[in-house]
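Q: Can you keep this structure in mind? I'll have questions shortly.
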Amino acid sequence: VLVIVMFYADRDKDPESIFAPFAHIGIEVPSREDVDAMAEKAREMDCLHWAPRDMPGPVGYICALKDPDGNVVEFSHNQKVFDAVRSLWGGEG
């Protein structure tokens with residue numbers, strides 16, 4: 001579970017996008033099928049931002065959706081982020 005919260009001292013103020021113009025939340029998933037499943041769910045919810053696609057390394061296989069505030073949430077496979085973190089933290093790769 002990933003929870004990101006932003007508070008404003010002046011609650012009447014309109015929120016400003018903090019994930020712009022390109023910054024995004026990226027989540028690496030175990031398989032290409034997981035990326036495809038997220039894209040299909042995003043299509044059903046009318047929030048698909050990028051259809052699944054293969055990108056050159058180190059990006060890998062990705063799709064993205066938009067959250068209710070319009071921020072981009074990317075799902076990827078084969079970026080090797082998970083493996084790199086496990087290696088750095090002494091876990092099995």
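Going by the structure tokens order, chains are called A, B, ..., each with residues numbered from 1, while ligands are numbered from 1 in the order shown.
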Please identify all polymer residues within 9 Å of Phe82 of chain A, counting only C-alpha atoms, omitting same-chain residues fewer than 3 positions from it, and present them as number ranges by chain.
A: A: 28-29, 78-79, 85-87, 93
Q: Kindly export the residues of the current selection with C-alpha atoms, as a compact mmCIF listing (two decimals), in the first residue's frame.
A:
```txt
# COMPACT_ATOMS: atom_id res chain seq x y z
CA GLU A 28 7.21 -2.14 -10.85
CA VAL A 29 5.12 -5.31 -11.12
CA ASN A 78 11.50 -5.35 -16.27
CA GLN A 79 12.96 -2.04 -15.10
CA VAL A 85 16.88 -2.64 -4.30
CA ARG A 86 17.02 -6.24 -3.12
CA SER A 87 20.68 -6.42 -4.12
CA GLY A 93 17.79 -11.07 -6.52
```
Q: Go ahead and compute the interatomic distance for atom CA of Cys47 of chain A and atom CA of Lys66 of chain A, in Å to one decimal.
A: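 These atoms are spaced 5.4 Å apart.
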